[in-house]
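Undergrad: To be precise about what I am sending: the file is called my_file-v9.txt and holds compact mmCIF, N, CA and C atoms.
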# COMPACT_ATOMS: atom_id res chain seq x y z
N MET A 1 -1.76 -7.02 -16.60
CA MET A 1 -1.17 -6.14 -15.62
C MET A 1 -0.73 -4.85 -16.30
N ALA A 2 -0.75 -3.79 -15.53
CA ALA A 2 -0.36 -2.49 -16.05
C ALA A 2 1.15 -2.38 -16.09
N GLU A 3 1.72 -2.35 -17.27
CA GLU A 3 3.17 -2.35 -17.43
C GLU A 3 3.75 -0.94 -17.57
N ASP A 4 2.96 0.01 -18.05
CA ASP A 4 3.50 1.32 -18.42
C ASP A 4 3.00 2.44 -17.51
N LEU A 5 3.14 2.26 -16.20
CA LEU A 5 2.73 3.27 -15.25
C LEU A 5 3.94 3.66 -14.39
N PRO A 6 4.93 4.38 -14.97
CA PRO A 6 6.15 4.67 -14.22
C PRO A 6 5.90 5.47 -12.95
N HIS A 7 4.85 6.28 -12.93
CA HIS A 7 4.53 7.07 -11.74
C HIS A 7 3.98 6.20 -10.61
N ALA A 8 3.65 4.94 -10.89
CA ALA A 8 3.09 4.02 -9.89
C ALA A 8 4.16 3.12 -9.28
N GLY A 9 5.43 3.42 -9.48
CA GLY A 9 6.49 2.59 -8.93
C GLY A 9 6.75 1.39 -9.82
N ARG A 10 7.31 0.32 -9.21
CA ARG A 10 7.60 -0.88 -10.00
C ARG A 10 7.46 -2.11 -9.13
N LEU A 11 7.15 -3.20 -9.78
CA LEU A 11 7.10 -4.50 -9.11
C LEU A 11 8.46 -5.17 -9.30
N ASP A 12 9.00 -5.67 -8.21
CA ASP A 12 10.29 -6.34 -8.20
C ASP A 12 10.07 -7.69 -7.52
N GLY A 13 9.69 -8.71 -8.32
CA GLY A 13 9.29 -9.98 -7.73
C GLY A 13 7.99 -9.79 -6.97
N ARG A 14 7.97 -10.15 -5.69
CA ARG A 14 6.78 -9.98 -4.84
C ARG A 14 6.66 -8.57 -4.28
N VAL A 15 7.72 -7.77 -4.40
CA VAL A 15 7.78 -6.47 -3.73
C VAL A 15 7.46 -5.34 -4.69
N HIS A 16 6.57 -4.46 -4.25
CA HIS A 16 6.30 -3.23 -4.98
C HIS A 16 7.15 -2.13 -4.36
N ARG A 17 7.81 -1.33 -5.20
CA ARG A 17 8.65 -0.23 -4.71
C ARG A 17 8.14 1.08 -5.31
N LEU A 18 7.79 2.00 -4.42
CA LEU A 18 7.25 3.29 -4.83
C LEU A 18 8.15 4.41 -4.32
N PRO A 19 8.78 5.17 -5.22
CA PRO A 19 9.59 6.32 -4.78
C PRO A 19 8.68 7.44 -4.26
N VAL A 20 9.13 8.06 -3.17
CA VAL A 20 8.42 9.19 -2.57
C VAL A 20 9.46 10.25 -2.23
N ARG A 21 9.25 11.47 -2.69
CA ARG A 21 10.13 12.60 -2.36
C ARG A 21 9.45 13.40 -1.25
N ILE A 22 10.22 13.84 -0.26
CA ILE A 22 9.68 14.63 0.84
C ILE A 22 9.75 16.11 0.48
N TYR A 23 8.61 16.77 0.54
CA TYR A 23 8.49 18.20 0.25
C TYR A 23 8.22 18.97 1.55
N TYR A 24 8.36 20.26 1.47
CA TYR A 24 8.11 21.13 2.63
C TYR A 24 6.75 20.86 3.23
N GLU A 25 5.74 20.66 2.40
CA GLU A 25 4.37 20.43 2.88
C GLU A 25 4.24 19.15 3.70
N ASP A 26 5.19 18.23 3.59
CA ASP A 26 5.15 16.96 4.33
C ASP A 26 5.68 17.10 5.76
N THR A 27 6.32 18.23 6.05
CA THR A 27 7.01 18.36 7.33
C THR A 27 6.22 19.21 8.32
N ASP A 28 6.61 19.07 9.59
CA ASP A 28 6.01 19.90 10.63
C ASP A 28 6.97 21.04 10.98
N PHE A 29 6.70 21.76 12.05
CA PHE A 29 7.51 22.92 12.42
C PHE A 29 8.97 22.57 12.71
N SER A 30 9.24 21.30 13.01
CA SER A 30 10.62 20.90 13.33
C SER A 30 11.43 20.53 12.09
N GLY A 31 10.76 20.48 10.94
CA GLY A 31 11.44 20.09 9.71
C GLY A 31 11.43 18.60 9.45
N LEU A 32 10.78 17.84 10.32
CA LEU A 32 10.65 16.40 10.14
C LEU A 32 9.30 16.07 9.52
N VAL A 33 9.21 14.90 8.88
CA VAL A 33 7.93 14.48 8.29
C VAL A 33 6.91 14.31 9.41
N TYR A 34 5.76 14.93 9.24
CA TYR A 34 4.67 14.81 10.19
C TYR A 34 4.20 13.36 10.22
N HIS A 35 3.98 12.80 11.40
CA HIS A 35 3.74 11.36 11.55
C HIS A 35 2.58 10.83 10.72
N ALA A 36 1.50 11.57 10.57
CA ALA A 36 0.34 11.09 9.81
C ALA A 36 0.65 10.92 8.32
N ASN A 37 1.66 11.62 7.82
CA ASN A 37 2.00 11.50 6.41
C ASN A 37 2.55 10.13 6.05
N TYR A 38 3.15 9.44 7.02
CA TYR A 38 3.62 8.08 6.74
C TYR A 38 2.45 7.18 6.35
N LEU A 39 1.30 7.40 6.97
CA LEU A 39 0.10 6.64 6.59
C LEU A 39 -0.27 6.89 5.14
N ARG A 40 -0.12 8.11 4.68
CA ARG A 40 -0.39 8.45 3.27
C ARG A 40 0.58 7.73 2.34
N TYR A 41 1.85 7.71 2.70
CA TYR A 41 2.84 7.03 1.86
C TYR A 41 2.56 5.53 1.79
N PHE A 42 2.20 4.94 2.94
CA PHE A 42 1.86 3.52 2.94
C PHE A 42 0.62 3.25 2.09
N GLU A 43 -0.39 4.12 2.17
CA GLU A 43 -1.60 3.97 1.36
C GLU A 43 -1.26 4.02 -0.13
N ARG A 44 -0.42 4.96 -0.52
CA ARG A 44 -0.01 5.06 -1.93
C ARG A 44 0.69 3.77 -2.37
N GLY A 45 1.53 3.22 -1.52
CA GLY A 45 2.22 1.97 -1.84
C GLY A 45 1.24 0.83 -2.07
N ARG A 46 0.25 0.69 -1.18
CA ARG A 46 -0.74 -0.39 -1.34
C ARG A 46 -1.57 -0.19 -2.60
N SER A 47 -2.00 1.04 -2.84
CA SER A 47 -2.85 1.32 -4.00
C SER A 47 -2.10 1.13 -5.31
N ASP A 48 -0.86 1.62 -5.38
CA ASP A 48 -0.11 1.49 -6.62
C ASP A 48 0.33 0.05 -6.88
N PHE A 49 0.56 -0.72 -5.82
CA PHE A 49 0.81 -2.16 -6.00
C PHE A 49 -0.38 -2.77 -6.73
N LEU A 50 -1.59 -2.54 -6.20
CA LEU A 50 -2.79 -3.09 -6.84
C LEU A 50 -2.93 -2.60 -8.28
N ARG A 51 -2.67 -1.32 -8.48
CA ARG A 51 -2.79 -0.75 -9.83
C ARG A 51 -1.86 -1.47 -10.81
N LEU A 52 -0.61 -1.71 -10.40
CA LEU A 52 0.33 -2.40 -11.29
C LEU A 52 -0.02 -3.87 -11.46
N ALA A 53 -0.71 -4.44 -10.50
CA ALA A 53 -1.16 -5.83 -10.62
C ALA A 53 -2.44 -5.93 -11.46
N GLY A 54 -2.96 -4.79 -11.91
CA GLY A 54 -4.14 -4.79 -12.77
C GLY A 54 -5.45 -4.68 -12.03
N ILE A 55 -5.41 -4.14 -10.81
CA ILE A 55 -6.62 -3.99 -9.99
C ILE A 55 -6.80 -2.51 -9.68
N ALA A 56 -7.83 -1.91 -10.22
CA ALA A 56 -8.11 -0.50 -9.96
C ALA A 56 -9.24 -0.37 -8.96
N HIS A 57 -9.07 0.53 -8.00
CA HIS A 57 -10.13 0.78 -7.02
C HIS A 57 -11.44 1.16 -7.71
N SER A 58 -11.33 1.95 -8.78
CA SER A 58 -12.54 2.38 -9.49
C SER A 58 -13.27 1.19 -10.12
N ASP A 59 -12.53 0.18 -10.59
CA ASP A 59 -13.17 -1.02 -11.15
C ASP A 59 -13.87 -1.81 -10.06
N LEU A 60 -13.27 -1.90 -8.88
CA LEU A 60 -13.92 -2.60 -7.77
C LEU A 60 -15.22 -1.90 -7.38
N LEU A 61 -15.20 -0.57 -7.35
CA LEU A 61 -16.41 0.19 -7.01
C LEU A 61 -17.49 0.06 -8.09
N ALA A 62 -17.07 -0.12 -9.34
CA ALA A 62 -18.03 -0.23 -10.45
C ALA A 62 -18.52 -1.66 -10.63
N GLY A 63 -17.98 -2.61 -9.87
CA GLY A 63 -18.33 -4.02 -10.03
C GLY A 63 -19.72 -4.34 -9.49
N ASP A 64 -20.09 -5.59 -9.69
CA ASP A 64 -21.38 -6.07 -9.18
C ASP A 64 -21.11 -7.28 -8.30
N PRO A 65 -21.11 -7.12 -7.00
CA PRO A 65 -21.46 -5.92 -6.23
C PRO A 65 -20.27 -4.97 -6.13
N PRO A 66 -20.54 -3.68 -5.87
CA PRO A 66 -19.47 -2.72 -5.67
C PRO A 66 -18.68 -3.07 -4.40
N LEU A 67 -17.36 -3.01 -4.50
CA LEU A 67 -16.50 -3.36 -3.37
C LEU A 67 -15.46 -2.27 -3.14
N ALA A 68 -14.96 -2.25 -1.91
CA ALA A 68 -13.91 -1.31 -1.53
C ALA A 68 -13.05 -1.99 -0.46
N PHE A 69 -12.09 -1.26 0.08
CA PHE A 69 -11.27 -1.76 1.17
C PHE A 69 -11.39 -0.86 2.38
N ALA A 70 -11.36 -1.45 3.55
CA ALA A 70 -11.30 -0.72 4.81
C ALA A 70 -10.12 -1.29 5.59
N ILE A 71 -9.43 -0.44 6.32
CA ILE A 71 -8.32 -0.89 7.15
C ILE A 71 -8.88 -1.32 8.50
N ASN A 72 -8.65 -2.60 8.85
CA ASN A 72 -9.06 -3.12 10.16
C ASN A 72 -8.01 -2.84 11.22
N HIS A 73 -6.75 -2.96 10.80
CA HIS A 73 -5.65 -2.80 11.75
C HIS A 73 -4.43 -2.30 11.00
N ILE A 74 -3.71 -1.40 11.65
CA ILE A 74 -2.40 -1.00 11.14
C ILE A 74 -1.49 -0.80 12.33
N GLY A 75 -0.40 -1.53 12.33
CA GLY A 75 0.61 -1.37 13.37
C GLY A 75 1.82 -0.68 12.77
N LEU A 76 2.18 0.46 13.33
CA LEU A 76 3.28 1.27 12.79
C LEU A 76 4.44 1.34 13.77
N ASP A 77 5.64 1.26 13.23
CA ASP A 77 6.84 1.52 14.01
C ASP A 77 7.62 2.61 13.29
N PHE A 78 7.83 3.73 13.98
CA PHE A 78 8.64 4.82 13.46
C PHE A 78 10.06 4.62 13.96
N LEU A 79 11.00 4.37 13.07
CA LEU A 79 12.35 4.00 13.46
C LEU A 79 13.36 5.13 13.32
N ARG A 80 13.21 5.94 12.29
CA ARG A 80 14.09 7.08 12.03
C ARG A 80 13.23 8.22 11.48
N ALA A 81 13.76 9.42 11.58
CA ALA A 81 13.04 10.58 11.05
C ALA A 81 13.36 10.77 9.57
N ALA A 82 12.35 11.14 8.81
CA ALA A 82 12.55 11.57 7.43
C ALA A 82 12.45 13.09 7.41
N ARG A 83 13.24 13.71 6.49
CA ARG A 83 13.33 15.16 6.44
C ARG A 83 13.08 15.66 5.02
N ILE A 84 12.89 16.96 4.92
CA ILE A 84 12.67 17.59 3.63
C ILE A 84 13.76 17.18 2.64
N ASP A 85 13.39 16.96 1.41
CA ASP A 85 14.24 16.57 0.29
C ASP A 85 14.69 15.11 0.32
N ASP A 86 14.36 14.37 1.37
CA ASP A 86 14.71 12.94 1.39
C ASP A 86 14.03 12.23 0.22
N ALA A 87 14.75 11.30 -0.37
CA ALA A 87 14.19 10.40 -1.39
C ALA A 87 13.96 9.06 -0.70
N LEU A 88 12.70 8.70 -0.54
CA LEU A 88 12.32 7.48 0.15
C LEU A 88 11.77 6.46 -0.84
N VAL A 89 11.69 5.22 -0.40
CA VAL A 89 11.04 4.16 -1.17
C VAL A 89 10.11 3.42 -0.23
N VAL A 90 8.85 3.29 -0.64
CA VAL A 90 7.88 2.50 0.10
C VAL A 90 7.87 1.11 -0.52
N ALA A 91 8.24 0.10 0.28
CA ALA A 91 8.25 -1.28 -0.18
C ALA A 91 7.02 -1.98 0.40
N THR A 92 6.25 -2.64 -0.48
CA THR A 92 4.99 -3.26 -0.08
C THR A 92 4.93 -4.69 -0.56
N THR A 93 4.50 -5.59 0.32
CA THR A 93 4.18 -6.96 -0.09
C THR A 93 2.79 -7.30 0.40
N TYR A 94 2.01 -7.91 -0.47
CA TYR A 94 0.74 -8.52 -0.08
C TYR A 94 1.08 -9.96 0.27
N ASP A 95 0.94 -10.32 1.55
CA ASP A 95 1.44 -11.60 2.01
C ASP A 95 0.40 -12.72 1.99
N HIS A 96 -0.80 -12.46 2.49
CA HIS A 96 -1.83 -13.51 2.59
C HIS A 96 -3.20 -12.91 2.35
N ILE A 97 -4.10 -13.75 1.87
CA ILE A 97 -5.51 -13.40 1.82
C ILE A 97 -6.25 -14.48 2.59
N ARG A 98 -7.01 -14.06 3.59
CA ARG A 98 -7.79 -14.99 4.42
C ARG A 98 -9.23 -14.49 4.43
N GLY A 99 -10.09 -15.18 3.70
CA GLY A 99 -11.47 -14.71 3.59
C GLY A 99 -11.47 -13.31 3.00
N PRO A 100 -12.12 -12.35 3.67
CA PRO A 100 -12.15 -10.98 3.15
C PRO A 100 -10.91 -10.16 3.49
N ARG A 101 -10.00 -10.74 4.31
CA ARG A 101 -8.86 -9.98 4.82
C ARG A 101 -7.61 -10.13 3.96
N LEU A 102 -6.91 -9.01 3.76
CA LEU A 102 -5.63 -8.99 3.07
C LEU A 102 -4.58 -8.55 4.08
N LEU A 103 -3.52 -9.35 4.21
CA LEU A 103 -2.45 -9.05 5.15
C LEU A 103 -1.25 -8.52 4.36
N ILE A 104 -0.80 -7.33 4.74
CA ILE A 104 0.17 -6.57 3.95
C ILE A 104 1.30 -6.11 4.86
N ALA A 105 2.53 -6.23 4.38
CA ALA A 105 3.70 -5.73 5.10
C ALA A 105 4.33 -4.59 4.30
N GLN A 106 4.70 -3.52 5.00
CA GLN A 106 5.27 -2.36 4.32
C GLN A 106 6.46 -1.79 5.10
N THR A 107 7.41 -1.26 4.35
CA THR A 107 8.59 -0.62 4.93
C THR A 107 8.92 0.61 4.11
N ILE A 108 9.28 1.69 4.79
CA ILE A 108 9.78 2.89 4.11
C ILE A 108 11.28 2.95 4.35
N TRP A 109 12.02 3.10 3.25
CA TRP A 109 13.48 3.14 3.27
C TRP A 109 14.00 4.48 2.78
N ARG A 110 15.10 4.93 3.36
CA ARG A 110 15.92 6.01 2.81
C ARG A 110 17.27 5.34 2.53
N GLU A 111 17.52 5.04 1.26
CA GLU A 111 18.67 4.24 0.86
C GLU A 111 18.67 2.94 1.65
N GLU A 112 19.67 2.69 2.48
CA GLU A 112 19.75 1.44 3.24
C GLU A 112 19.17 1.57 4.66
N THR A 113 18.63 2.73 4.98
CA THR A 113 18.12 2.98 6.32
C THR A 113 16.61 2.77 6.37
N LYS A 114 16.17 1.91 7.28
CA LYS A 114 14.75 1.66 7.47
C LYS A 114 14.17 2.81 8.30
N ILE A 115 13.15 3.47 7.74
CA ILE A 115 12.55 4.65 8.38
C ILE A 115 11.32 4.27 9.20
N ALA A 116 10.44 3.44 8.63
CA ALA A 116 9.20 3.06 9.29
C ALA A 116 8.71 1.73 8.73
N THR A 117 7.96 1.00 9.54
CA THR A 117 7.35 -0.24 9.09
C THR A 117 5.87 -0.24 9.45
N ALA A 118 5.11 -1.00 8.68
CA ALA A 118 3.68 -1.14 8.95
C ALA A 118 3.24 -2.57 8.67
N GLU A 119 2.45 -3.11 9.57
CA GLU A 119 1.75 -4.37 9.37
C GLU A 119 0.28 -3.99 9.22
N VAL A 120 -0.30 -4.30 8.07
CA VAL A 120 -1.63 -3.82 7.73
C VAL A 120 -2.57 -4.99 7.50
N GLU A 121 -3.78 -4.87 8.05
CA GLU A 121 -4.85 -5.80 7.73
C GLU A 121 -5.97 -4.98 7.10
N ALA A 122 -6.19 -5.23 5.82
CA ALA A 122 -7.27 -4.56 5.08
C ALA A 122 -8.39 -5.58 4.88
N CYS A 123 -9.60 -5.09 4.78
CA CYS A 123 -10.75 -5.97 4.59
C CYS A 123 -11.52 -5.52 3.36
N CYS A 124 -11.86 -6.47 2.52
CA CYS A 124 -12.71 -6.19 1.37
C CYS A 124 -14.14 -6.05 1.91
N ILE A 125 -14.80 -4.94 1.56
CA ILE A 125 -16.15 -4.69 2.06
C ILE A 125 -17.09 -4.29 0.93
N GLY A 126 -18.38 -4.53 1.16
CA GLY A 126 -19.41 -3.99 0.29
C GLY A 126 -19.70 -2.57 0.72
N LEU A 127 -20.50 -1.86 -0.07
CA LEU A 127 -20.81 -0.47 0.27
C LEU A 127 -21.65 -0.36 1.53
N ASP A 128 -22.19 -1.48 2.01
CA ASP A 128 -22.91 -1.48 3.28
C ASP A 128 -21.95 -1.60 4.46
N GLY A 129 -20.64 -1.73 4.18
CA GLY A 129 -19.64 -1.82 5.22
C GLY A 129 -19.38 -3.23 5.73
N ARG A 130 -20.09 -4.20 5.21
CA ARG A 130 -19.92 -5.59 5.66
C ARG A 130 -18.81 -6.28 4.88
N PRO A 131 -18.07 -7.16 5.55
CA PRO A 131 -17.00 -7.89 4.87
C PRO A 131 -17.53 -8.72 3.71
N ARG A 132 -16.75 -8.75 2.63
CA ARG A 132 -17.09 -9.55 1.44
C ARG A 132 -15.83 -10.25 0.96
N ARG A 133 -15.99 -11.42 0.43
CA ARG A 133 -14.84 -12.10 -0.18
C ARG A 133 -14.37 -11.27 -1.38
N PRO A 134 -13.07 -11.17 -1.56
CA PRO A 134 -12.57 -10.44 -2.73
C PRO A 134 -13.03 -11.12 -4.01
N PRO A 135 -13.24 -10.37 -5.08
CA PRO A 135 -13.66 -10.96 -6.35
C PRO A 135 -12.57 -11.88 -6.92
N ALA A 136 -12.98 -12.81 -7.74
CA ALA A 136 -12.06 -13.80 -8.33
C ALA A 136 -10.92 -13.11 -9.08
N LEU A 137 -11.20 -12.03 -9.79
CA LEU A 137 -10.16 -11.34 -10.54
C LEU A 137 -9.06 -10.81 -9.61
N LEU A 138 -9.44 -10.23 -8.48
CA LEU A 138 -8.47 -9.74 -7.53
C LEU A 138 -7.62 -10.90 -6.99
N LEU A 139 -8.25 -12.00 -6.63
CA LEU A 139 -7.52 -13.18 -6.14
C LEU A 139 -6.55 -13.71 -7.19
N GLN A 140 -7.02 -13.77 -8.42
CA GLN A 140 -6.18 -14.26 -9.53
C GLN A 140 -4.97 -13.36 -9.75
N ARG A 141 -5.19 -12.05 -9.74
CA ARG A 141 -4.10 -11.11 -10.02
C ARG A 141 -3.10 -10.99 -8.87
N LEU A 142 -3.55 -11.22 -7.63
CA LEU A 142 -2.63 -11.15 -6.51
C LEU A 142 -1.92 -12.47 -6.23
N LYS A 143 -2.46 -13.57 -6.69
CA LYS A 143 -1.91 -14.89 -6.37
C LYS A 143 -0.40 -15.00 -6.64
N PRO A 144 0.14 -14.49 -7.76
CA PRO A 144 1.59 -14.61 -7.98
C PRO A 144 2.45 -13.85 -6.97
N PHE A 145 1.85 -12.92 -6.22
CA PHE A 145 2.61 -12.07 -5.32
C PHE A 145 2.51 -12.51 -3.86
N LEU A 146 1.63 -13.44 -3.55
CA LEU A 146 1.43 -13.87 -2.17
C LEU A 146 2.54 -14.80 -1.73
N GLU A 147 2.77 -14.86 -0.39
CA GLU A 147 3.78 -15.79 0.12
C GLU A 147 3.38 -17.21 -0.25
N PRO A 148 4.38 -18.04 -0.60
CA PRO A 148 4.05 -19.43 -0.98
C PRO A 148 3.50 -20.21 0.20
Re-express the file's structure as structure tokens.

TA:
Amino acid sequence: MAEDLPHAGRLDGRVHRLPVRIYYEDTDFSGLVYHANYLRYFERGRSDFLRLAGIAHSDLLAGDPPLAFAINHIGLDFLRAARIDDALVVATTYDHIRGPRLLIAQTIWREETKIATAEVEACCIGLDGRPRRPPALLLQRLKPFLEP
């Protein structure tokens, strides 16, 4: 596992925590975070979780067969507004793997305040777009983090 990637957040038991600072470019004309940017923060959380678990997207693409992830479903709840200069934390858990599907829960926090939540279903796919079982290495590296 990648231990020395401070820019990728940290693993805390099953939970990955990624700090995110809100900049002017993240906001809309009202000074609030533009809604689509939450999807970016959630994506960073999922990707950096995998990176710290020792799974790089580039390695999956270079594998035989080459693999990637596609999002099948994402359910978002926007609970509070985030604003410029806010220091947020994206909390991510990989909960289950069922065949090619990975079920992921995510929450964005501002200190003790829950800002947004996401329930994500990602699918491991080949470059032809068809579902594929995740490689053994990915299953092995994620196993300690899945719900018992």

Undergrad: Kindly give the distance, in Å, that separates atom C of Tyr38 of chain A and atom CA of Arg98 of chain A, rounded to a single decimal.

TA: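 Those two atoms sit 24.5 Å apart.
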
Undergrad: Can you tell me, as a PyMOL selection string, which residues in chain A count as strand (DSSP E) by DSSP?

TA: chain A and resi 10-12+15-21+67-78+87-98+101-110+113-126

Undergrad: Using all atoms listed in the file, which of A:Ala68, A:Leu50, A:Ala81, A:Leu61 sits nearest Leu32 of chain A?

TA: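 Smallest distance to Leu32 of chain A is found for A:Ala81.
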
Undergrad: If we count only C-alpha atoms and set the cut-off at 9 Å, which residues sit around segment 115-127 of chain A, ignoring sequence neighbours fewer than 6 positions away in its own chain? Please answer as a ChimeraX atom specification.

TA: /A:38-39,42,61,65-82,88,99-109,133-134

Undergrad: Enumerate, as a PyMOL selection string, the complete set of residues in segment 46-119 of chain A that a backbone-based DSSP assignment places in alpha helix (DSSP H).

TA: chain A and resi 46-52+57-62

Undergrad: With only N, CA and C atoms as the atoms that count, which of A:Glu111, A:Asp48, A:Arg14, A:Pro148 lies nearest to Thr93 of chain A?

TA: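 Of A:Glu111, A:Asp48, A:Arg14, A:Pro148, the one nearest Thr93 of chain A is A:Arg14, counting only N, CA and C atoms.
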
Undergrad: Which of these, A:Val33, A:Val89, A:Ile84, A:Ile55, has the shortest distance to Gly9 of chain A once you count only C-alpha atoms?

TA: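 For Gly9 of chain A, the nearest of the given residues is A:Val89.
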
Undergrad: Measuring atom to atom with only N, CA and C atoms, identify which of A:Tyr41, A:Lys114, A:Phe29, A:Ala8 is nearest to Val90 of chain A.

TA: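 The shortest atom-to-atom distance to Val90 of chain A comes from A:Tyr41.
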
Undergrad: So the first atom is atom N of Tyr94 of chain A and the second is atom N of Asp128 of chain A; what is the distance between them in Å, to one decimal place?

TA: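 Straight-line distance from atom N of Tyr94 of chain A to atom N of Asp128 of chain A works out to 25.2 Å.
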
Undergrad: How many Å separate atom CA of Leu18 of chain A from atom CA of Glu147 of chain A?

TA: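 A separation of 20.0 Å between them.
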
Undergrad: Take every atom of segment 84-100 of chain A listed in the file, fit an axis-aligned box around them, add 5 Å per side, and give the centre and edge lengths in Å to one decimal as JSON.

TA:
{"center_x": 1.3, "center_y": 1.2, "center_z": 1.8, "size_x": 36.9, "size_y": 42.8, "size_z": 16.3}
